[in-house]
file structure.txt (compact mmCIF, C-alpha atoms)
# COMPACT_ATOMS: atom_id res chain seq x y z
CA MET X 1 76.23 -37.66 49.06
CA GLU X 2 77.00 -37.53 45.33
CA ASP X 3 73.70 -39.31 44.59
CA LEU X 4 71.78 -36.79 46.71
CA GLU X 5 73.43 -33.92 44.85
CA LYS X 6 72.45 -35.51 41.51
CA LEU X 7 68.85 -35.88 42.73
CA ARG X 8 68.79 -32.28 43.97
CA TYR X 9 70.47 -30.82 40.88
CA PRO X 10 69.85 -33.22 38.00
CA ILE X 11 70.96 -30.66 35.40
CA GLY X 12 73.61 -29.06 37.61
CA HIS X 13 73.64 -25.58 39.08
CA PHE X 14 72.86 -22.50 37.00
CA GLU X 15 76.01 -21.14 35.40
CA CYS X 16 75.61 -17.83 33.67
CA PRO X 17 78.07 -17.01 30.92
CA GLU X 18 80.16 -13.94 31.64
CA ASN X 19 79.11 -12.47 28.30
CA ILE X 20 75.49 -13.31 27.56
CA SER X 21 75.02 -13.64 23.81
CA ASP X 22 71.94 -13.14 21.66
CA GLU X 23 71.99 -16.92 21.15
CA ASN X 24 71.91 -17.49 24.93
CA ILE X 25 68.88 -15.21 25.20
CA LYS X 26 67.17 -16.94 22.29
CA GLN X 27 67.74 -20.42 23.78
CA TRP X 28 66.58 -19.31 27.23
CA ILE X 29 63.42 -17.71 25.85
CA ASN X 30 62.72 -20.92 23.94
CA ALA X 31 63.06 -22.92 27.17
CA LEU X 32 60.59 -20.56 28.87
CA GLU X 33 58.20 -20.80 25.93
CA THR X 34 58.16 -24.59 25.83
CA LEU X 35 58.17 -25.33 29.57
CA PRO X 36 54.40 -25.24 30.20
CA GLN X 37 53.60 -27.71 27.40
CA ARG X 38 56.52 -29.96 28.29
CA LEU X 39 55.21 -30.10 31.86
CA VAL X 40 51.67 -30.84 30.69
CA ASN X 41 52.96 -33.62 28.44
CA LEU X 42 55.03 -35.07 31.28
CA VAL X 43 52.45 -35.09 34.07
CA SER X 44 49.03 -35.19 32.39
CA ASP X 45 48.63 -38.92 32.98
CA PHE X 46 50.04 -38.98 36.51
CA SER X 47 47.75 -40.51 39.11
CA GLU X 48 47.01 -38.84 42.44
CA SER X 49 49.44 -41.27 44.04
CA GLN X 50 52.17 -40.27 41.59
CA LEU X 51 51.48 -36.58 42.25
CA GLU X 52 51.98 -37.24 45.96
CA THR X 53 55.38 -38.89 45.40
CA PRO X 54 58.42 -36.84 46.46
CA TYR X 55 60.96 -36.40 43.68
CA ARG X 56 63.62 -37.47 46.22
CA GLU X 57 63.62 -38.55 49.85
CA GLY X 58 62.81 -35.50 51.93
CA GLY X 59 61.93 -33.47 48.83
CA TRP X 60 58.72 -31.94 47.59
CA THR X 61 56.02 -34.01 45.98
CA VAL X 62 55.42 -33.72 42.24
CA ARG X 63 52.33 -31.63 43.08
CA GLN X 64 54.38 -29.26 45.24
CA VAL X 65 57.07 -28.95 42.56
CA ILE X 66 54.49 -27.97 39.93
CA HIS X 67 52.87 -25.39 42.21
CA HIS X 68 56.33 -24.13 43.20
CA ILE X 69 57.28 -23.52 39.57
CA ALA X 70 54.14 -21.41 39.12
CA ASP X 71 54.78 -19.47 42.35
CA SER X 72 58.45 -18.92 41.56
CA HIS X 73 57.90 -17.84 37.98
CA HIS X 74 55.12 -15.51 39.13
CA ASN X 75 57.62 -13.83 41.46
CA SER X 76 60.20 -13.74 38.68
CA TYR X 77 57.76 -12.03 36.32
CA ILE X 78 57.27 -9.30 38.91
CA ARG X 79 61.04 -8.98 39.27
CA PHE X 80 61.34 -8.46 35.51
CA LYS X 81 58.73 -5.72 35.70
CA TRP X 82 60.46 -4.01 38.63
CA ALA X 83 63.84 -4.13 36.89
CA LEU X 84 62.36 -2.70 33.71
CA THR X 85 60.43 0.11 35.40
CA GLU X 86 62.49 1.11 38.45
CA ASN X 87 66.09 2.15 38.98
CA THR X 88 67.83 -1.03 40.23
CA PRO X 89 65.17 -1.90 42.81
CA VAL X 90 65.80 -4.13 45.79
CA ILE X 91 63.35 -7.00 45.34
CA LYS X 92 61.27 -8.72 47.99
CA VAL X 93 62.20 -12.33 48.57
CA TYR X 94 59.61 -14.93 49.47
CA GLU X 95 59.82 -18.00 51.68
CA GLU X 96 59.48 -20.69 49.01
CA LYS X 97 59.72 -23.55 51.51
CA LEU X 98 56.86 -22.10 53.54
CA TRP X 99 54.84 -21.42 50.38
CA SER X 100 55.27 -25.11 49.48
CA GLU X 101 53.61 -26.05 52.78
CA LEU X 102 50.49 -23.95 52.13
CA ILE X 103 47.23 -25.76 51.40
CA ASP X 104 47.18 -24.87 47.69
CA ALA X 105 50.70 -26.23 47.12
CA LYS X 106 49.90 -29.45 48.98
CA THR X 107 46.39 -30.18 47.70
CA ALA X 108 45.26 -28.05 44.74
CA PRO X 109 44.78 -29.65 41.35
CA ILE X 110 47.92 -29.27 39.25
CA ALA X 111 45.77 -28.02 36.36
CA LEU X 112 45.54 -24.68 38.17
CA SER X 113 49.29 -24.13 38.08
CA LEU X 114 49.72 -25.67 34.63
CA SER X 115 47.11 -23.30 33.19
CA TYR X 116 48.63 -20.38 35.05
CA LEU X 117 52.12 -21.23 33.77
CA THR X 118 50.80 -21.38 30.22
CA ALA X 119 49.37 -17.86 30.48
CA LEU X 120 52.25 -16.43 32.51
CA HIS X 121 54.91 -17.81 30.18
CA ALA X 122 53.03 -16.53 27.13
CA LYS X 123 53.20 -13.02 28.61
CA LEU X 124 56.80 -13.45 29.76
CA VAL X 125 57.98 -14.72 26.39
CA TYR X 126 56.09 -11.97 24.55
CA MET X 127 57.87 -9.40 26.70
CA CYS X 128 61.32 -11.03 26.57
CA GLU X 129 61.29 -11.34 22.79
CA ARG X 130 60.84 -7.58 22.54
CA LEU X 131 63.47 -6.43 25.03
CA THR X 132 66.10 -4.02 23.75
CA PRO X 133 69.81 -4.38 24.49
CA ASP X 134 69.39 -1.59 27.07
CA ASP X 135 66.44 -3.43 28.67
CA LEU X 136 68.58 -6.56 29.02
CA LYS X 137 71.17 -4.56 30.98
CA ARG X 138 68.65 -3.25 33.51
CA SER X 139 68.79 -5.02 36.85
CA TYR X 140 67.46 -5.56 40.33
CA ILE X 141 69.20 -6.22 43.63
CA HIS X 142 68.52 -9.52 45.36
CA PRO X 143 68.81 -8.76 49.09
CA GLU X 144 70.29 -12.17 49.94
CA GLY X 145 73.92 -11.33 49.32
CA ASN X 146 73.12 -7.91 47.83
CA VAL X 147 73.47 -9.45 44.35
CA ASN X 148 72.84 -7.38 41.21
CA VAL X 149 70.87 -9.46 38.67
CA SER X 150 70.44 -8.19 35.13
CA VAL X 151 67.29 -8.82 33.13
CA ALA X 152 69.39 -10.93 30.74
CA LYS X 153 70.70 -13.07 33.59
CA ASN X 154 67.20 -13.40 35.05
CA ILE X 155 65.98 -14.86 31.74
CA GLY X 156 68.70 -17.48 32.03
CA LYS X 157 68.03 -18.15 35.71
CA TYR X 158 64.37 -18.88 35.12
CA ALA X 159 64.97 -20.93 31.98
CA TRP X 160 67.33 -23.01 34.12
CA HIS X 161 64.86 -23.05 37.03
CA GLY X 162 62.05 -24.47 34.89
CA ASN X 163 64.36 -27.08 33.36
CA HIS X 164 65.75 -27.91 36.82
CA HIS X 165 62.32 -28.74 38.25
CA PHE X 166 61.17 -30.42 35.05
CA ALA X 167 64.19 -32.71 35.43
CA HIS X 168 63.20 -33.48 39.04
CA ILE X 169 59.87 -34.84 37.82
CA LYS X 170 61.23 -36.50 34.68
CA THR X 171 64.03 -38.34 36.47
CA LEU X 172 61.57 -39.47 39.17
CA ALA X 173 59.25 -40.84 36.47
CA GLU X 174 62.18 -42.63 34.82
CA ARG X 175 63.38 -44.12 38.13
CA LYS X 176 59.84 -45.32 38.91
CA GLY X 177 59.15 -46.56 35.38
CA TRP X 178 56.07 -44.35 34.95
call {"tool": "encode", "arguments": {"input": "structure.txt", "output": "structure tokens"}}
result
Amino acid sequence: MEDLEKLRYPIGHFECPENISDENIKQWINALETLPQRLVNLVSDFSESQLETPYREGGWTVRQVIHHIADSHHNSYIRFKWALTENTPVIKVYEEKLWSELIDAKTAPIALSLSYLTALHAKLVYMCERLTPDDLKRSYIHPEGNVNVSVAKNIGKYAWHGNHHFAHIKTLAERKGW
């Protein structure tokens, strides 16, 4: 069971500091900025067979993980916009497991999501670097648990999320000797 948990959460669960510092924000934005190129560097030489390999037994394939990151970060970008333009909106959740079973997630070339992540993260980083202290305090409500998520915390969540899935692929490659 411990091994499964390590495969599922190779960098651990997201833990947000109680008091988010400017340094936290800076580090998280850097993680968001570098993620697309780190992914490209990691998977650019993967074969089709490698892309169809699940990162763990019963888990998504490398291809599905890459498309999931793009889908998830797309949704996150919209959540940032809602939080910054509306008064504590309740966000719409999406069925990520069902999205991962759609034809694009299972068969599309990974270049589509890698290119999309490059553009999306460029916009996201541009915006995040210019947020004011008041912007960082704005928030949305996640309907699962009625959780209030600040813009600052969302930056951290998605920095972690990208690193989390990057680690899925990287540790798979290391285990397989790719």
call {"tool": "atom_distance", "arguments": {"input": "structure.txt", "atom1": "CA of Thr107 (chain X)", "atom2": "CA of Gln64 (chain X)"}}
result
8.4 Å
call {"tool": "residues_around", "arguments": {"input": "structure.txt", "residues": "Asp22 (chain X)", "least_positions_apart": "6", "cutoff": "10 Å", "atoms": "all atoms listed in the file", "output": "PyMOL selection string"}}
result
chain X and resi 28+133+152
call {"tool": "write_last_selection", "arguments": {"input": "structure.txt", "atoms": "C-alpha atoms", "output": "PDB file, in the coordinates of the input"}}
result
ATOM      1  CA  TRP X  28      66.580 -19.310  27.230  1.00  0.00           C
ATOM      2  CA  PRO X 133      69.810  -4.380  24.490  1.00  0.00           C
ATOM      3  CA  ALA X 152      69.390 -10.930  30.740  1.00  0.00           C
TER       4      ALA X 152
END
call {"tool": "atom_distance", "arguments": {"input": "structure.txt", "atom1": "CA of Asn41 (chain X)", "atom2": "CA of Lys157 (chain X)"}}
result
22.8 Å
call {"tool": "residues_around", "arguments": {"input": "structure.txt", "residues": "Ala173 (chain X)", "least_positions_apart": "5", "cutoff": "10 Å", "atoms": "all atoms listed in the file", "output": "number ranges by chain"}}
result
X: 42-43, 46, 50, 53, 55, 62, 167-168, 178
call {"tool": "atom_distance", "arguments": {"input": "structure.txt", "atom1": "CA of Tyr126 (chain X)", "atom2": "CA of Tyr158 (chain X)"}}
result
15.1 Å
call {"tool": "closest_residue", "arguments": {"input": "structure.txt", "among": "X:Thr132, X:Gln37, X:Ser47, X:Asn30", "to": "Phe166 (chain X)", "atoms": "all atoms listed in the file"}}
result
X:Gln37
call {"tool": "residues_near_point", "arguments": {"input": "structure.txt", "point": "(52.9, -18.4, 38.9)", "cutoff": "7 Å", "atoms": "all atoms listed in the file", "output": "list in words"}}
result
Ile69, Ala70, Asp71, Ser72, His73, His74, Ser113, Tyr116, Leu117 and Leu120 of chain X
call {"tool": "closest_residue", "arguments": {"input": "structure.txt", "among": "X:Val65, X:Ile169, X:Ile29, X:Ile110", "to": "Lys97 (chain X)", "atoms": "all atoms listed in the file"}}
result
X:Val65
call {"tool": "residues_near_point", "arguments": {"input": "structure.txt", "point": "(62.4, -7.4, 55.5)", "cutoff": "10 Å", "atoms": "all atoms listed in the file", "output": "number ranges by chain"}}
result
X: 92-93, 143
call {"tool": "closest_residue", "arguments": {"input": "structure.txt", "among": "X:Pro109, X:Glu96, X:His161, X:Trp82", "to": "Arg138 (chain X)", "atoms": "all atoms listed in the file"}}
result
X:Trp82
call {"tool": "closest_residue", "arguments": {"input": "structure.txt", "among": "X:Asn154, X:Ser44, X:Thr61, X:Thr171", "to": "Ser100 (chain X)", "atoms": "all atoms listed in the file"}}
result
X:Thr61
call {"tool": "closest_residue", "arguments": {"input": "structure.txt", "among": "X:Ala111, X:Glu52, X:Val151, X:Lys6", "to": "Met127 (chain X)", "atoms": "all atoms listed in the file"}}
result
X:Val151
call {"tool": "closest_residue", "arguments": {"input": "structure.txt", "among": "X:Trp99, X:Leu84, X:Cys128, X:Arg38", "to": "Gly156 (chain X)", "atoms": "only C-alpha atoms"}}
result
X:Cys128
call {"tool": "residues_around", "arguments": {"input": "structure.txt", "residues": "Gln27 (chain X)", "least_positions_apart": "4", "cutoff": "10 Å", "atoms": "all atoms listed in the file", "output": "PyMOL selection string"}}
result
chain X and resi 21-23+31-33+155-156+159
call {"tool": "residues_around", "arguments": {"input": "structure.txt", "residues": "Ile11 (chain X)", "least_positions_apart": "2", "cutoff": "7 Å", "atoms": "only C-alpha atoms", "output": "list of chain:residue names"}}
result
X:Tyr9, X:His13, X:His164
call {"tool": "axis_aligned_box", "arguments": {"input": "structure.txt", "around": "region 126-145 of chain X", "padding_each_side": "8 Å", "output": "AutoDock Vina command-line options"}}
result
--center_x 65.0 --center_y -6.9 --center_z 36.2 --size_x 33.8 --size_y 26.6 --size_z 43.4
call {"tool": "decode", "arguments": {"input": "structure.txt", "residues": "region 67-81 of chain X", "atoms": "all heavy atoms", "output": "short mmCIF file (atom, residue, chain, number, x, y, z; two decimals), in the first residue's frame"}}
result
data_model
loop_
_atom_site.label_atom_id
_atom_site.label_comp_id
_atom_site.auth_asym_id
_atom_site.auth_seq_id
_atom_site.Cartn_x
_atom_site.Cartn_y
_atom_site.Cartn_z
N HIS X 67 -2.14 15.09 -21.60
CA HIS X 67 -3.39 15.77 -21.98
C HIS X 67 -4.17 16.22 -20.75
O HIS X 67 -4.80 17.30 -20.76
CB HIS X 67 -4.24 14.86 -22.88
CG HIS X 67 -3.65 14.64 -24.23
ND1 HIS X 67 -3.21 15.67 -25.04
CD2 HIS X 67 -3.42 13.49 -24.92
CE1 HIS X 67 -2.75 15.17 -26.17
NE2 HIS X 67 -2.85 13.85 -26.12
N HIS X 68 -4.11 15.45 -19.67
CA HIS X 68 -4.78 15.85 -18.42
C HIS X 68 -4.18 17.15 -17.87
O HIS X 68 -4.92 18.03 -17.42
CB HIS X 68 -4.67 14.74 -17.37
CG HIS X 68 -4.98 15.24 -15.99
ND1 HIS X 68 -6.25 15.57 -15.58
CD2 HIS X 68 -4.15 15.49 -14.93
CE1 HIS X 68 -6.21 16.00 -14.32
NE2 HIS X 68 -4.95 15.96 -13.91
N ILE X 69 -2.87 17.26 -17.89
CA ILE X 69 -2.25 18.49 -17.38
C ILE X 69 -2.78 19.69 -18.16
O ILE X 69 -3.16 20.71 -17.57
CB ILE X 69 -0.70 18.42 -17.47
CG1 ILE X 69 -0.15 17.31 -16.58
CG2 ILE X 69 -0.09 19.77 -17.06
CD1 ILE X 69 1.33 17.00 -16.84
N ALA X 70 -2.84 19.57 -19.48
CA ALA X 70 -3.36 20.68 -20.30
C ALA X 70 -4.82 20.98 -19.96
O ALA X 70 -5.19 22.15 -19.79
CB ALA X 70 -3.20 20.35 -21.78
N ASP X 71 -5.64 19.94 -19.84
CA ASP X 71 -7.06 20.15 -19.51
C ASP X 71 -7.21 20.78 -18.13
O ASP X 71 -7.99 21.73 -17.95
CB ASP X 71 -7.82 18.82 -19.53
CG ASP X 71 -8.01 18.24 -20.92
OD1 ASP X 71 -7.88 18.99 -21.92
OD2 ASP X 71 -8.29 17.03 -21.02
N SER X 72 -6.49 20.26 -17.16
CA SER X 72 -6.59 20.76 -15.79
C SER X 72 -6.12 22.20 -15.68
O SER X 72 -6.78 23.04 -15.04
CB SER X 72 -5.78 19.86 -14.86
OG SER X 72 -5.84 20.35 -13.54
N HIS X 73 -5.02 22.51 -16.31
CA HIS X 73 -4.48 23.86 -16.20
C HIS X 73 -5.32 24.85 -16.99
O HIS X 73 -5.40 26.03 -16.62
CB HIS X 73 -3.00 23.88 -16.57
CG HIS X 73 -2.17 23.19 -15.52
ND1 HIS X 73 -0.87 23.54 -15.26
CD2 HIS X 73 -2.47 22.18 -14.66
CE1 HIS X 73 -0.40 22.77 -14.27
NE2 HIS X 73 -1.36 21.93 -13.91
N HIS X 74 -5.99 24.37 -18.03
CA HIS X 74 -6.96 25.20 -18.75
C HIS X 74 -8.09 25.58 -17.79
O HIS X 74 -8.45 26.76 -17.69
CB HIS X 74 -7.51 24.42 -19.95
CG HIS X 74 -8.67 25.06 -20.61
ND1 HIS X 74 -8.54 25.97 -21.63
CD2 HIS X 74 -10.00 24.93 -20.39
CE1 HIS X 74 -9.74 26.37 -22.02
NE2 HIS X 74 -10.64 25.76 -21.28
N ASN X 75 -8.63 24.59 -17.09
CA ASN X 75 -9.69 24.86 -16.12
C ASN X 75 -9.20 25.79 -15.01
O ASN X 75 -9.93 26.68 -14.57
CB ASN X 75 -10.22 23.55 -15.54
CG ASN X 75 -11.26 22.92 -16.45
OD1 ASN X 75 -12.39 23.37 -16.50
ND2 ASN X 75 -10.86 21.90 -17.18
N SER X 76 -7.98 25.60 -14.56
CA SER X 76 -7.43 26.44 -13.51
C SER X 76 -7.32 27.89 -13.98
O SER X 76 -7.63 28.82 -13.22
CB SER X 76 -6.06 25.94 -13.08
OG SER X 76 -5.51 26.83 -12.12
N TYR X 77 -6.88 28.09 -15.21
CA TYR X 77 -6.76 29.45 -15.75
C TYR X 77 -8.12 30.16 -15.70
O TYR X 77 -8.19 31.32 -15.30
CB TYR X 77 -6.21 29.38 -17.18
CG TYR X 77 -5.97 30.72 -17.81
CD1 TYR X 77 -4.92 31.53 -17.38
CD2 TYR X 77 -6.77 31.19 -18.85
CE1 TYR X 77 -4.68 32.76 -17.96
CE2 TYR X 77 -6.54 32.42 -19.43
CZ TYR X 77 -5.50 33.20 -18.99
OH TYR X 77 -5.27 34.43 -19.56
N ILE X 78 -9.16 29.44 -16.06
CA ILE X 78 -10.51 30.02 -16.00
C ILE X 78 -10.88 30.33 -14.55
O ILE X 78 -11.48 31.37 -14.27
CB ILE X 78 -11.53 29.05 -16.65
CG1 ILE X 78 -11.21 28.81 -18.12
CG2 ILE X 78 -12.97 29.57 -16.45
CD1 ILE X 78 -11.17 30.05 -18.98
N ARG X 79 -10.49 29.47 -13.63
CA ARG X 79 -10.78 29.72 -12.22
C ARG X 79 -10.08 30.98 -11.72
O ARG X 79 -10.65 31.76 -10.95
CB ARG X 79 -10.38 28.51 -11.37
CG ARG X 79 -11.27 27.32 -11.65
CD ARG X 79 -10.75 26.04 -11.05
NE ARG X 79 -11.65 24.94 -11.39
CZ ARG X 79 -11.45 23.69 -11.06
NH1 ARG X 79 -10.38 23.35 -10.33
NH2 ARG X 79 -12.30 22.76 -11.42
N PHE X 80 -8.84 31.19 -12.17
CA PHE X 80 -8.14 32.43 -11.83
C PHE X 80 -8.95 33.63 -12.32
O PHE X 80 -9.15 34.59 -11.59
CB PHE X 80 -6.75 32.48 -12.49
CG PHE X 80 -5.67 31.75 -11.75
CD1 PHE X 80 -5.15 30.57 -12.25
CD2 PHE X 80 -5.15 32.25 -10.57
CE1 PHE X 80 -4.13 29.90 -11.59
CE2 PHE X 80 -4.13 31.59 -9.90
CZ PHE X 80 -3.62 30.41 -10.41
N LYS X 81 -9.37 33.56 -13.57
CA LYS X 81 -10.11 34.68 -14.16
C LYS X 81 -11.41 34.94 -13.41
O LYS X 81 -11.77 36.09 -13.15
CB LYS X 81 -10.42 34.40 -15.64
CG LYS X 81 -9.19 34.31 -16.53
CD LYS X 81 -8.64 35.68 -16.82
CE LYS X 81 -7.61 35.61 -17.92
NZ LYS X 81 -7.38 36.89 -18.56
#
